[in-house]
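Beneath this line is the structure, given in structure tokens, with notes to follow.
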Amino acid sequence: MPDKRDYYEVLGVSKGCSEDELKKAYRQMAKKYHPDLNPGDKEAEARFKEINEAYEVLSDPQKRSRYDQFGHAGVDPSYGGGGGAAYGTGGFDFGDIGDIFDSFFGGGGFGFGGSTRARDPNAPIRGNNVSISLALSFMEAAKGCKKEVNVPHLEQCSSCSGTGAKAGSHAETCSECGGSGQVRVSQRTPLGVIQTVKPCSKCSGKGKIITQPCPDCRGLGRVRRQKKLEVSVPAGIDDGQTFVLRGQGDSGLNGGPAGDVNITVSVRPDPLFERDGFDVWCDIPLTFAQAALGDEITVPTIDGKVSYNVPDGTQPGTVFRLRNKGIQYVGGRGRGDQYVRVNIEVPKNMTGKQKDALRDFEKLMNDRNYEKRKGFFDKLKDIMS
């Protein structure tokens, strides 16, 4: 058997890498060499199988421990062997010793007088999830809306009904494994003959071989398509949050269920409103006269305009609160509040008559009218004395 590459080298990680680093490296490599993205590329297909084999071992703590100690021989007893003699010819009965041997290696990979159980490749497999982004206005996110989205996904090939075989043909039973999808491998070791059961390499463990692939899906049984969906965006969703469409992702294999679509929203800023959790903030400009005398003003909210009575003597930066005028709680009852911040606008471009009137007005003012001004100069007087 030709030498295998080191599994850590295959995934491009160091031997002491964390589980998260391992998973991230696997996803990047698997995506790069996935057969769906490299149709007809045999080298990419071989690399994809190599990547999956490496991750299958290194993602399992017990297998990884054996691999770190014994290399490939710790997880694949047929590695480096010469085929060995048939099972039972070594003069030993390994039926009992197998349990002892497995206790050292944690089971999983070595068989004595029996066989290891491989995952059925023909079992139903759930389709992958699909992730897309959706841009919303501030009001669409706050109030909820319906949107049409394009979802790229893998769907069952209509030409072959997902079988992968060309119309009018069918998959043939694998001659190597007789349709079982598994082959037995025996290896002579210092302990005797060890037998393992492995997925058949000729049919990739499926038990069947497609001799005439479907030209539309190239034998994969699925094709990549775009589909349009109308989605209901939940009211109150915020920038960066995700909602899910169940069963609208990639179709499953072997009759497995479809995956989901994860939709992450991006909310555009609004010229009037600013969001803080489920509360809404906005700034309202007032004239000096409105702030000094008080006034009934119109305030915009996400539900429309409302009236508010500003009390006389309102100071710059004052914040007043409109209860239950904020964002609706996602999936629940109730909503936040709206906060309105007052900004006093100082008049510009005044005429001479306006300035004279303002000077006459100022002569009528005293310290009783300016509490902050009086307090400031009192403090200043204490400091200077």
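Every chain in the structure tokens has a letter given in the order shown (A, B, ...), and although residue numbers restart at 1 in each chain, ligands are simply numbered from 1 in the order shown.
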
Residues at most 8 Å from range 265-270 of chain A, counting only C-alpha atoms, excluding those fewer than 2 positions away in the same chain, as a list in words?
Ser133, Leu134, Ala135, Leu136, Ser137, Phe138, Ala141, Asp238, Asp239, Gly240, Gln241, Thr242, Ile263, Leu272, Phe273 and Glu274 of chain A

Helix (DSSP H, G or I) positions in range 167-377 of chain A, given as a ChimeraX atom specification
/A:288-293,352-363,371-377

Write out, as a short mmCIF file (atom, residue, chain, number, x, y, z; two decimals), in the first residue's frame, the residues just selected, with N, CA, C and O atoms.
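Written output follows (result.cif):
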```cif
data_model
loop_
_atom_site.label_atom_id
_atom_site.label_comp_id
_atom_site.auth_asym_id
_atom_site.auth_seq_id
_atom_site.Cartn_x
_atom_site.Cartn_y
_atom_site.Cartn_z
N PHE A 288 -35.73 78.80 20.40
CA PHE A 288 -35.55 79.33 21.76
C PHE A 288 -36.91 79.65 22.40
O PHE A 288 -37.16 79.35 23.56
N ALA A 289 -37.81 80.22 21.60
CA ALA A 289 -39.12 80.59 22.13
C ALA A 289 -39.93 79.35 22.53
O ALA A 289 -40.61 79.35 23.58
N GLN A 290 -39.89 78.29 21.72
CA GLN A 290 -40.61 77.07 22.07
C GLN A 290 -40.10 76.47 23.38
O GLN A 290 -40.87 76.02 24.22
N ALA A 291 -38.77 76.46 23.53
CA ALA A 291 -38.20 75.89 24.74
C ALA A 291 -38.51 76.76 25.96
O ALA A 291 -38.81 76.25 27.05
N ALA A 292 -38.48 78.09 25.78
CA ALA A 292 -38.70 78.99 26.91
C ALA A 292 -40.17 79.06 27.31
O ALA A 292 -40.50 79.07 28.50
N LEU A 293 -41.05 79.11 26.33
CA LEU A 293 -42.47 79.31 26.61
C LEU A 293 -43.27 78.02 26.68
O LEU A 293 -44.39 78.00 27.17
N GLY A 352 -31.56 93.70 12.01
CA GLY A 352 -31.27 94.67 13.07
C GLY A 352 -32.43 94.80 14.03
O GLY A 352 -32.23 94.91 15.26
N LYS A 353 -33.63 94.77 13.52
CA LYS A 353 -34.81 94.90 14.37
C LYS A 353 -34.94 93.71 15.32
O LYS A 353 -35.27 93.87 16.50
N GLN A 354 -34.64 92.53 14.80
CA GLN A 354 -34.70 91.33 15.63
C GLN A 354 -33.65 91.38 16.74
O GLN A 354 -33.91 91.00 17.89
N LYS A 355 -32.49 91.86 16.38
CA LYS A 355 -31.41 91.96 17.38
C LYS A 355 -31.77 92.97 18.47
O LYS A 355 -31.52 92.72 19.66
N ASP A 356 -32.36 94.10 18.07
CA ASP A 356 -32.75 95.10 19.06
C ASP A 356 -33.81 94.54 20.01
O ASP A 356 -33.76 94.77 21.23
N ALA A 357 -34.74 93.79 19.44
CA ALA A 357 -35.80 93.20 20.27
C ALA A 357 -35.20 92.20 21.25
O ALA A 357 -35.62 92.13 22.43
N LEU A 358 -34.20 91.47 20.80
CA LEU A 358 -33.57 90.48 21.68
C LEU A 358 -32.78 91.16 22.78
O LEU A 358 -32.76 90.68 23.94
N ARG A 359 -32.13 92.30 22.46
CA ARG A 359 -31.40 93.04 23.49
C ARG A 359 -32.37 93.60 24.54
O ARG A 359 -32.08 93.56 25.74
N ASP A 360 -33.50 94.11 24.08
CA ASP A 360 -34.50 94.60 25.03
C ASP A 360 -35.01 93.48 25.91
O ASP A 360 -35.23 93.67 27.13
N PHE A 361 -35.19 92.30 25.32
CA PHE A 361 -35.65 91.14 26.09
C PHE A 361 -34.61 90.75 27.13
O PHE A 361 -34.95 90.48 28.30
N GLU A 362 -33.31 90.78 26.75
CA GLU A 362 -32.25 90.38 27.66
C GLU A 362 -32.16 91.32 28.86
O GLU A 362 -31.83 90.90 29.97
N LYS A 363 -32.48 92.64 28.65
CA LYS A 363 -32.43 93.59 29.75
C LYS A 363 -33.47 93.29 30.82
O LYS A 363 -33.32 93.68 31.98
N GLU A 371 -30.76 79.88 36.16
CA GLU A 371 -30.25 79.19 37.34
C GLU A 371 -28.84 78.64 37.12
O GLU A 371 -27.97 78.75 37.98
N LYS A 372 -28.59 78.04 35.97
CA LYS A 372 -27.27 77.47 35.70
C LYS A 372 -26.21 78.57 35.60
O LYS A 372 -25.10 78.41 36.09
N ARG A 373 -26.58 79.68 34.97
CA ARG A 373 -25.63 80.79 34.83
C ARG A 373 -25.27 81.36 36.19
O ARG A 373 -24.11 81.62 36.49
N LYS A 374 -26.31 81.55 37.04
CA LYS A 374 -26.08 82.08 38.39
C LYS A 374 -25.19 81.12 39.18
O LYS A 374 -24.23 81.52 39.86
N GLY A 375 -25.48 79.80 39.10
CA GLY A 375 -24.68 78.82 39.83
C GLY A 375 -23.24 78.80 39.38
O GLY A 375 -22.32 78.66 40.19
N PHE A 376 -23.03 78.98 38.07
CA PHE A 376 -21.67 78.97 37.53
C PHE A 376 -20.85 80.13 38.09
O PHE A 376 -19.72 79.96 38.55
N PHE A 377 -21.42 81.31 38.07
CA PHE A 377 -20.67 82.49 38.52
C PHE A 377 -20.49 82.49 40.04
O PHE A 377 -19.50 83.03 40.55
#
```

Counting only C-alpha atoms, the residue of A:Asn309, A:Asn128, A:Gln195, A:Asn122 that sits nearest Thr163 in chain A
A:Asn122

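A straight line drawn from CA of Val346 in chain A to CA of Leu286 in chain A is 9.1 Å long.
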
Pick out the residues sitting within 12 Å of Gly168 in chain A, and hand them over as JSON, numbers by chain; count only C-alpha atoms, and ignore anything fewer than 6 positions along from it in its own chain.
{"A": [159, 160, 161, 212, 213, 214]}

Atoms kept (N, CA and C atoms) for selection, written as a PDB file, in the first residue's frame:
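Contents of selection-v9.pdb, freshly written:
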```
ATOM      1  N   SER A 159     -33.981  14.862 -14.073  1.00  0.00           N
ATOM      2  CA  SER A 159     -33.748  13.940 -15.191  1.00  0.00           C
ATOM      3  C   SER A 159     -33.600  12.500 -14.730  1.00  0.00           C
ATOM      4  N   CYS A 160     -32.983  12.309 -13.550  1.00  0.00           N
ATOM      5  CA  CYS A 160     -32.746  10.945 -13.067  1.00  0.00           C
ATOM      6  C   CYS A 160     -33.475  10.654 -11.767  1.00  0.00           C
ATOM      7  N   SER A 161     -34.297  11.637 -11.297  1.00  0.00           N
ATOM      8  CA  SER A 161     -35.039  11.489 -10.035  1.00  0.00           C
ATOM      9  C   SER A 161     -34.108  11.231  -8.851  1.00  0.00           C
ATOM     10  N   GLN A 212     -23.527   4.448 -16.359  1.00  0.00           N
ATOM     11  CA  GLN A 212     -23.974   5.487 -17.294  1.00  0.00           C
ATOM     12  C   GLN A 212     -24.519   6.663 -16.491  1.00  0.00           C
ATOM     13  N   PRO A 213     -23.652   7.586 -16.078  1.00  0.00           N
ATOM     14  CA  PRO A 213     -24.109   8.708 -15.244  1.00  0.00           C
ATOM     15  C   PRO A 213     -25.099   9.607 -15.989  1.00  0.00           C
ATOM     16  N   CYS A 214     -25.964  10.207 -15.228  1.00  0.00           N
ATOM     17  CA  CYS A 214     -26.901  11.182 -15.779  1.00  0.00           C
ATOM     18  C   CYS A 214     -26.106  12.387 -16.284  1.00  0.00           C
TER      19      CYS A 214
END
```

Using only C-alpha atoms, tabulate the residues of range 184-247 of chain A lying at most 10 Å from any atom of range 175-178 of chain A, each with its closest atom pair and that distance in Å to one decimal, by chain and increasing residue number, as CSV.
```
residue,atom,partner,partner_atom,distance
A:Arg184,CA,A:Cys177,CA,9.1
A:Pro199,CA,A:Cys177,CA,9.0
A:Cys200,CA,A:Cys177,CA,6.4
A:Ser201,CA,A:Glu176,CA,8.7
A:Lys202,CA,A:Glu176,CA,6.8
A:Cys203,CA,A:Glu176,CA,8.2
A:Gly205,CA,A:Cys177,CA,8.6
A:Lys206,CA,A:Cys177,CA,9.6
A:Gly207,CA,A:Cys177,CA,6.7
A:Lys208,CA,A:Ser175,CA,8.6
A:Ile209,CA,A:Ser175,CA,9.0
```

Write out the residues from the selection above, keeping all heavy atoms, as an mmCIF file, in the first residue's frame.
```
data_model
loop_
_atom_site.group_PDB
_atom_site.id
_atom_site.type_symbol
_atom_site.label_atom_id
_atom_site.label_comp_id
_atom_site.auth_asym_id
_atom_site.auth_seq_id
_atom_site.Cartn_x
_atom_site.Cartn_y
_atom_site.Cartn_z
ATOM 1 N N ARG A 184 -13.857 -7.282 3.491
ATOM 2 C CA ARG A 184 -13.059 -7.724 4.639
ATOM 3 C C ARG A 184 -11.584 -7.698 4.264
ATOM 4 O O ARG A 184 -11.194 -8.136 3.186
ATOM 5 C CB ARG A 184 -13.457 -9.140 5.060
ATOM 6 C CG ARG A 184 -14.864 -9.232 5.617
ATOM 7 C CD ARG A 184 -15.198 -10.676 6.005
ATOM 8 N NE ARG A 184 -16.551 -10.766 6.537
ATOM 9 C CZ ARG A 184 -16.867 -10.570 7.811
ATOM 10 N NH1 ARG A 184 -15.911 -10.279 8.674
ATOM 11 N NH2 ARG A 184 -18.111 -10.661 8.212
ATOM 12 N N PRO A 199 -15.277 0.074 4.082
ATOM 13 C CA PRO A 199 -16.104 0.407 2.922
ATOM 14 C C PRO A 199 -15.392 0.019 1.634
ATOM 15 O O PRO A 199 -14.175 0.179 1.500
ATOM 16 C CB PRO A 199 -16.281 1.926 3.019
ATOM 17 C CG PRO A 199 -16.047 2.235 4.465
ATOM 18 C CD PRO A 199 -15.027 1.247 4.928
ATOM 19 N N CYS A 200 -16.135 -0.506 0.702
ATOM 20 C CA CYS A 200 -15.567 -0.916 -0.580
ATOM 21 C C CYS A 200 -15.065 0.313 -1.328
ATOM 22 O O CYS A 200 -15.812 1.285 -1.523
ATOM 23 C CB CYS A 200 -16.630 -1.656 -1.401
ATOM 24 S SG CYS A 200 -16.094 -2.090 -3.071
ATOM 25 N N SER A 201 -13.815 0.280 -1.743
ATOM 26 C CA SER A 201 -13.236 1.437 -2.429
ATOM 27 C C SER A 201 -13.744 1.576 -3.861
ATOM 28 O O SER A 201 -13.773 2.675 -4.413
ATOM 29 C CB SER A 201 -11.704 1.323 -2.441
ATOM 30 O OG SER A 201 -11.307 0.123 -3.093
ATOM 31 N N LYS A 202 -14.177 0.463 -4.452
ATOM 32 C CA LYS A 202 -14.627 0.509 -5.845
ATOM 33 C C LYS A 202 -15.955 1.242 -5.988
ATOM 34 O O LYS A 202 -16.163 2.004 -6.937
ATOM 35 C CB LYS A 202 -14.753 -0.909 -6.396
ATOM 36 C CG LYS A 202 -15.062 -0.951 -7.891
ATOM 37 C CD LYS A 202 -15.016 -2.375 -8.426
ATOM 38 C CE LYS A 202 -15.267 -2.389 -9.940
ATOM 39 N NZ LYS A 202 -15.215 -3.767 -10.494
ATOM 40 N N CYS A 203 -16.861 1.030 -5.022
ATOM 41 C CA CYS A 203 -18.189 1.671 -5.100
ATOM 42 C C CYS A 203 -18.383 2.716 -4.019
ATOM 43 O O CYS A 203 -19.503 3.214 -3.835
ATOM 44 C CB CYS A 203 -19.295 0.619 -5.004
ATOM 45 S SG CYS A 203 -19.341 -0.257 -3.410
ATOM 46 N N GLY A 205 -18.538 2.278 -0.941
ATOM 47 C CA GLY A 205 -19.402 1.776 0.116
ATOM 48 C C GLY A 205 -20.878 1.772 -0.215
ATOM 49 O O GLY A 205 -21.701 1.422 0.640
ATOM 50 N N LYS A 206 -21.242 2.103 -1.457
ATOM 51 C CA LYS A 206 -22.661 2.152 -1.802
ATOM 52 C C LYS A 206 -23.217 0.807 -2.241
ATOM 53 O O LYS A 206 -24.427 0.589 -2.244
ATOM 54 C CB LYS A 206 -22.899 3.188 -2.902
ATOM 55 C CG LYS A 206 -22.616 4.615 -2.462
ATOM 56 C CD LYS A 206 -22.956 5.593 -3.559
ATOM 57 C CE LYS A 206 -22.718 7.027 -3.108
ATOM 58 N NZ LYS A 206 -23.606 7.416 -2.012
ATOM 59 N N GLY A 207 -22.348 -0.097 -2.650
ATOM 60 C CA GLY A 207 -22.810 -1.406 -3.108
ATOM 61 C C GLY A 207 -23.247 -1.416 -4.556
ATOM 62 O O GLY A 207 -23.524 -2.472 -5.110
ATOM 63 N N LYS A 208 -23.322 -0.242 -5.156
ATOM 64 C CA LYS A 208 -23.734 -0.138 -6.549
ATOM 65 C C LYS A 208 -22.822 0.825 -7.295
ATOM 66 O O LYS A 208 -22.245 1.729 -6.696
ATOM 67 C CB LYS A 208 -25.182 0.343 -6.648
ATOM 68 C CG LYS A 208 -26.204 -0.624 -6.047
ATOM 69 C CD LYS A 208 -27.604 -0.080 -6.181
ATOM 70 C CE LYS A 208 -28.625 -1.047 -5.573
ATOM 71 N NZ LYS A 208 -30.013 -0.530 -5.706
ATOM 72 N N ILE A 209 -22.698 0.603 -8.602
ATOM 73 C CA ILE A 209 -21.856 1.444 -9.445
ATOM 74 C C ILE A 209 -22.683 1.960 -10.612
ATOM 75 O O ILE A 209 -23.391 1.188 -11.271
ATOM 76 C CB ILE A 209 -20.637 0.669 -9.965
ATOM 77 C CG1 ILE A 209 -19.729 0.255 -8.798
ATOM 78 C CG2 ILE A 209 -19.850 1.502 -10.966
ATOM 79 C CD1 ILE A 209 -18.544 -0.570 -9.224
#
```

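Distance check against Gly71 in chain A using only C-alpha atoms: of A:Lys15, A:Arg341, A:Arg333, A:Arg321, the minimum falls on A:Lys15.
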
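For the set A:Val340, A:Ala235, A:Val306, A:Val330, the residue with the smallest atom-to-atom gap to Thr318 in chain A is A:Val340, counting only C-alpha atoms.
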
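For Asp303 in chain A, the non-local neighbours within 10 Å, defined as residues at least 4 positions apart in the same chain or in other chains and counting only C-alpha atoms, are Met139, Lys143, Lys325, Gly326 and Ile327 of chain A.
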
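As for CA of Asn52 in chain A and CA of Leu11 in chain A, they are spaced 9.3 Å apart.
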
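Between CA of Lys23 in chain A and CA of Gly255 in chain A there is a distance of 27.1 Å.
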
Residues within 10 Å of Glu45 in chain A, only C-alpha atoms, excluding chain neighbours under 5 positions, as a list in words
Tyr33, His34, Pro35, Asp36, Asn38, Pro39, Gly40, Glu50 and Ile51 of chain A

Hey, can you spit out that residue selection with N, CA, C and O atoms as a compact mmCIF listing (two decimals), in the first residue's frame?
```txt
# COMPACT_ATOMS: atom_id res chain seq x y z
N TYR A 33 -12.24 21.67 -2.31
CA TYR A 33 -12.11 20.48 -3.16
C TYR A 33 -13.42 19.71 -3.31
O TYR A 33 -13.41 18.56 -3.75
N HIS A 34 -14.55 20.30 -2.92
CA HIS A 34 -15.83 19.58 -3.01
C HIS A 34 -16.13 19.23 -4.46
O HIS A 34 -15.97 20.06 -5.37
N PRO A 35 -16.56 17.98 -4.74
CA PRO A 35 -16.85 17.56 -6.12
C PRO A 35 -17.87 18.44 -6.82
O PRO A 35 -17.80 18.62 -8.04
N ASP A 36 -18.84 18.99 -6.08
CA ASP A 36 -19.84 19.85 -6.71
C ASP A 36 -19.22 21.10 -7.29
O ASP A 36 -19.75 21.68 -8.25
N ASN A 38 -16.00 21.16 -8.28
CA ASN A 38 -14.93 20.74 -9.20
C ASN A 38 -15.40 19.57 -10.04
O ASN A 38 -14.82 18.46 -9.97
N PRO A 39 -16.47 19.73 -10.80
CA PRO A 39 -17.02 18.61 -11.56
C PRO A 39 -16.02 18.02 -12.55
O PRO A 39 -15.37 18.76 -13.30
N GLY A 40 -15.88 16.70 -12.51
CA GLY A 40 -14.99 16.01 -13.44
C GLY A 40 -13.52 16.05 -13.07
O GLY A 40 -12.69 15.47 -13.77
N GLU A 50 -9.46 12.33 0.78
CA GLU A 50 -8.34 12.36 1.71
C GLU A 50 -8.62 13.30 2.87
O GLU A 50 -8.34 12.98 4.05
N ILE A 51 -9.22 14.46 2.58
CA ILE A 51 -9.57 15.45 3.61
C ILE A 51 -10.60 14.89 4.57
O ILE A 51 -10.49 15.02 5.79
```

In range 209-247 of chain A, what's strand (DSSP E) per DSSP? Answer as a list in words?
Ile209, Arg222, Val223, Arg224, Arg225, Gln226, Lys227, Lys228, Leu229, Glu230, Val231, Ser232, Val233, Thr242, Phe243, Val244 and Leu245 of chain A

Written file, previous selection with N, CA, C and O atoms, as a short mmCIF file (atom, residue, chain, number, x, y, z; two decimals), in the first residue's frame:
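again.cif was written with the following content:
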```cif
data_model
loop_
_atom_site.label_atom_id
_atom_site.label_comp_id
_atom_site.auth_asym_id
_atom_site.auth_seq_id
_atom_site.Cartn_x
_atom_site.Cartn_y
_atom_site.Cartn_z
N ILE A 209 -22.70 0.60 -8.60
CA ILE A 209 -21.86 1.44 -9.44
C ILE A 209 -22.68 1.96 -10.61
O ILE A 209 -23.39 1.19 -11.27
N ARG A 222 -28.00 15.32 -7.75
CA ARG A 222 -28.47 16.65 -7.40
C ARG A 222 -27.83 17.67 -8.33
O ARG A 222 -26.71 17.47 -8.81
N VAL A 223 -28.53 18.77 -8.55
CA VAL A 223 -28.02 19.86 -9.38
C VAL A 223 -28.18 21.16 -8.62
O VAL A 223 -29.06 21.31 -7.77
N ARG A 224 -27.30 22.11 -8.92
CA ARG A 224 -27.37 23.42 -8.26
C ARG A 224 -28.32 24.33 -9.03
O ARG A 224 -28.21 24.49 -10.24
N ARG A 225 -29.26 24.90 -8.30
CA ARG A 225 -30.26 25.76 -8.90
C ARG A 225 -30.50 26.99 -8.01
O ARG A 225 -30.15 26.99 -6.83
N GLN A 226 -31.10 28.01 -8.60
CA GLN A 226 -31.57 29.18 -7.86
C GLN A 226 -33.08 29.08 -7.76
O GLN A 226 -33.75 28.78 -8.75
N LYS A 227 -33.62 29.33 -6.58
CA LYS A 227 -35.08 29.37 -6.47
C LYS A 227 -35.49 30.64 -5.73
O LYS A 227 -34.78 31.14 -4.84
N LYS A 228 -36.64 31.17 -6.12
CA LYS A 228 -37.17 32.37 -5.49
C LYS A 228 -38.17 31.98 -4.41
O LYS A 228 -39.03 31.13 -4.63
N LEU A 229 -38.03 32.62 -3.26
CA LEU A 229 -38.93 32.36 -2.15
C LEU A 229 -39.44 33.68 -1.58
O LEU A 229 -38.69 34.65 -1.51
N GLU A 230 -40.70 33.70 -1.20
CA GLU A 230 -41.24 34.86 -0.48
C GLU A 230 -41.14 34.55 1.00
O GLU A 230 -41.66 33.54 1.47
N VAL A 231 -40.44 35.43 1.73
CA VAL A 231 -40.22 35.18 3.15
C VAL A 231 -40.90 36.27 3.98
O VAL A 231 -41.04 37.41 3.54
N SER A 232 -41.34 35.88 5.15
CA SER A 232 -41.94 36.83 6.10
C SER A 232 -40.87 37.21 7.12
O SER A 232 -40.46 36.39 7.94
N VAL A 233 -40.42 38.45 7.05
CA VAL A 233 -39.40 38.94 7.98
C VAL A 233 -40.09 39.28 9.30
O VAL A 233 -41.03 40.07 9.32
N THR A 242 -30.33 36.54 12.61
CA THR A 242 -30.64 35.53 11.61
C THR A 242 -31.98 34.86 11.92
O THR A 242 -32.27 34.58 13.07
N PHE A 243 -32.79 34.66 10.88
CA PHE A 243 -33.98 33.83 11.03
C PHE A 243 -33.91 32.68 10.03
O PHE A 243 -33.13 32.72 9.07
N VAL A 244 -34.70 31.64 10.26
CA VAL A 244 -34.52 30.37 9.55
C VAL A 244 -35.77 30.00 8.76
O VAL A 244 -36.89 30.13 9.24
N LEU A 245 -35.54 29.50 7.54
CA LEU A 245 -36.59 28.86 6.75
C LEU A 245 -36.34 27.36 6.79
O LEU A 245 -35.35 26.87 6.23
#
```

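Around Ser18 in chain A, within 12 Å and counting only C-alpha atoms, the residues found are Tyr8, Lys24, Ala25, Leu58, Ser59 and Pro61 of chain A, once anything fewer than 6 positions away on its own chain is removed.
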
Restricted to all heavy atoms, what would the selected residues look like written as a short mmCIF file (atom, residue, chain, number, x, y, z; two decimals), in the first residue's frame?
```cif
data_model
loop_
_atom_site.label_atom_id
_atom_site.label_comp_id
_atom_site.auth_asym_id
_atom_site.auth_seq_id
_atom_site.Cartn_x
_atom_site.Cartn_y
_atom_site.Cartn_z
N TYR A 8 -2.44 15.56 9.68
CA TYR A 8 -2.31 16.97 10.05
C TYR A 8 -1.85 17.79 8.84
O TYR A 8 -2.29 18.92 8.62
CB TYR A 8 -1.33 17.14 11.20
CG TYR A 8 -1.83 16.58 12.52
CD1 TYR A 8 -1.37 15.37 13.01
CD2 TYR A 8 -2.79 17.27 13.26
CE1 TYR A 8 -1.83 14.85 14.22
CE2 TYR A 8 -3.26 16.77 14.46
CZ TYR A 8 -2.78 15.55 14.93
OH TYR A 8 -3.24 15.05 16.11
N LYS A 24 -12.31 24.46 11.51
CA LYS A 24 -12.21 25.56 10.56
C LYS A 24 -11.37 25.16 9.34
O LYS A 24 -11.75 25.43 8.19
CB LYS A 24 -11.60 26.78 11.24
CG LYS A 24 -11.48 28.00 10.34
CD LYS A 24 -10.90 29.18 11.10
CE LYS A 24 -10.77 30.40 10.20
NZ LYS A 24 -10.18 31.57 10.93
N ALA A 25 -10.26 24.48 9.59
CA ALA A 25 -9.39 24.04 8.49
C ALA A 25 -10.11 23.04 7.60
O ALA A 25 -10.03 23.09 6.37
CB ALA A 25 -8.11 23.43 9.06
N LEU A 58 -9.14 12.67 13.06
CA LEU A 58 -8.66 13.69 13.99
C LEU A 58 -9.79 14.35 14.79
O LEU A 58 -9.53 14.92 15.85
CB LEU A 58 -7.88 14.77 13.23
CG LEU A 58 -6.61 14.29 12.51
CD1 LEU A 58 -5.89 15.45 11.85
CD2 LEU A 58 -5.68 13.55 13.46
N SER A 59 -11.02 14.30 14.30
CA SER A 59 -12.14 14.89 15.04
C SER A 59 -12.66 13.96 16.13
O SER A 59 -13.43 14.39 16.98
CB SER A 59 -13.28 15.23 14.08
OG SER A 59 -13.79 14.06 13.46
N PRO A 61 -11.69 12.09 19.42
CA PRO A 61 -10.60 12.12 20.41
C PRO A 61 -9.88 10.79 20.58
O PRO A 61 -8.65 10.77 20.71
CB PRO A 61 -11.32 12.53 21.70
CG PRO A 61 -12.53 13.26 21.24
CD PRO A 61 -12.96 12.58 19.98
#
```

Check the smallest atom-to-atom distance from each of A:Ile297, A:Gly332, A:Arg5, A:Asn150 to Arg47 in chain A using only C-alpha atoms, then report the winner.
A:Arg5
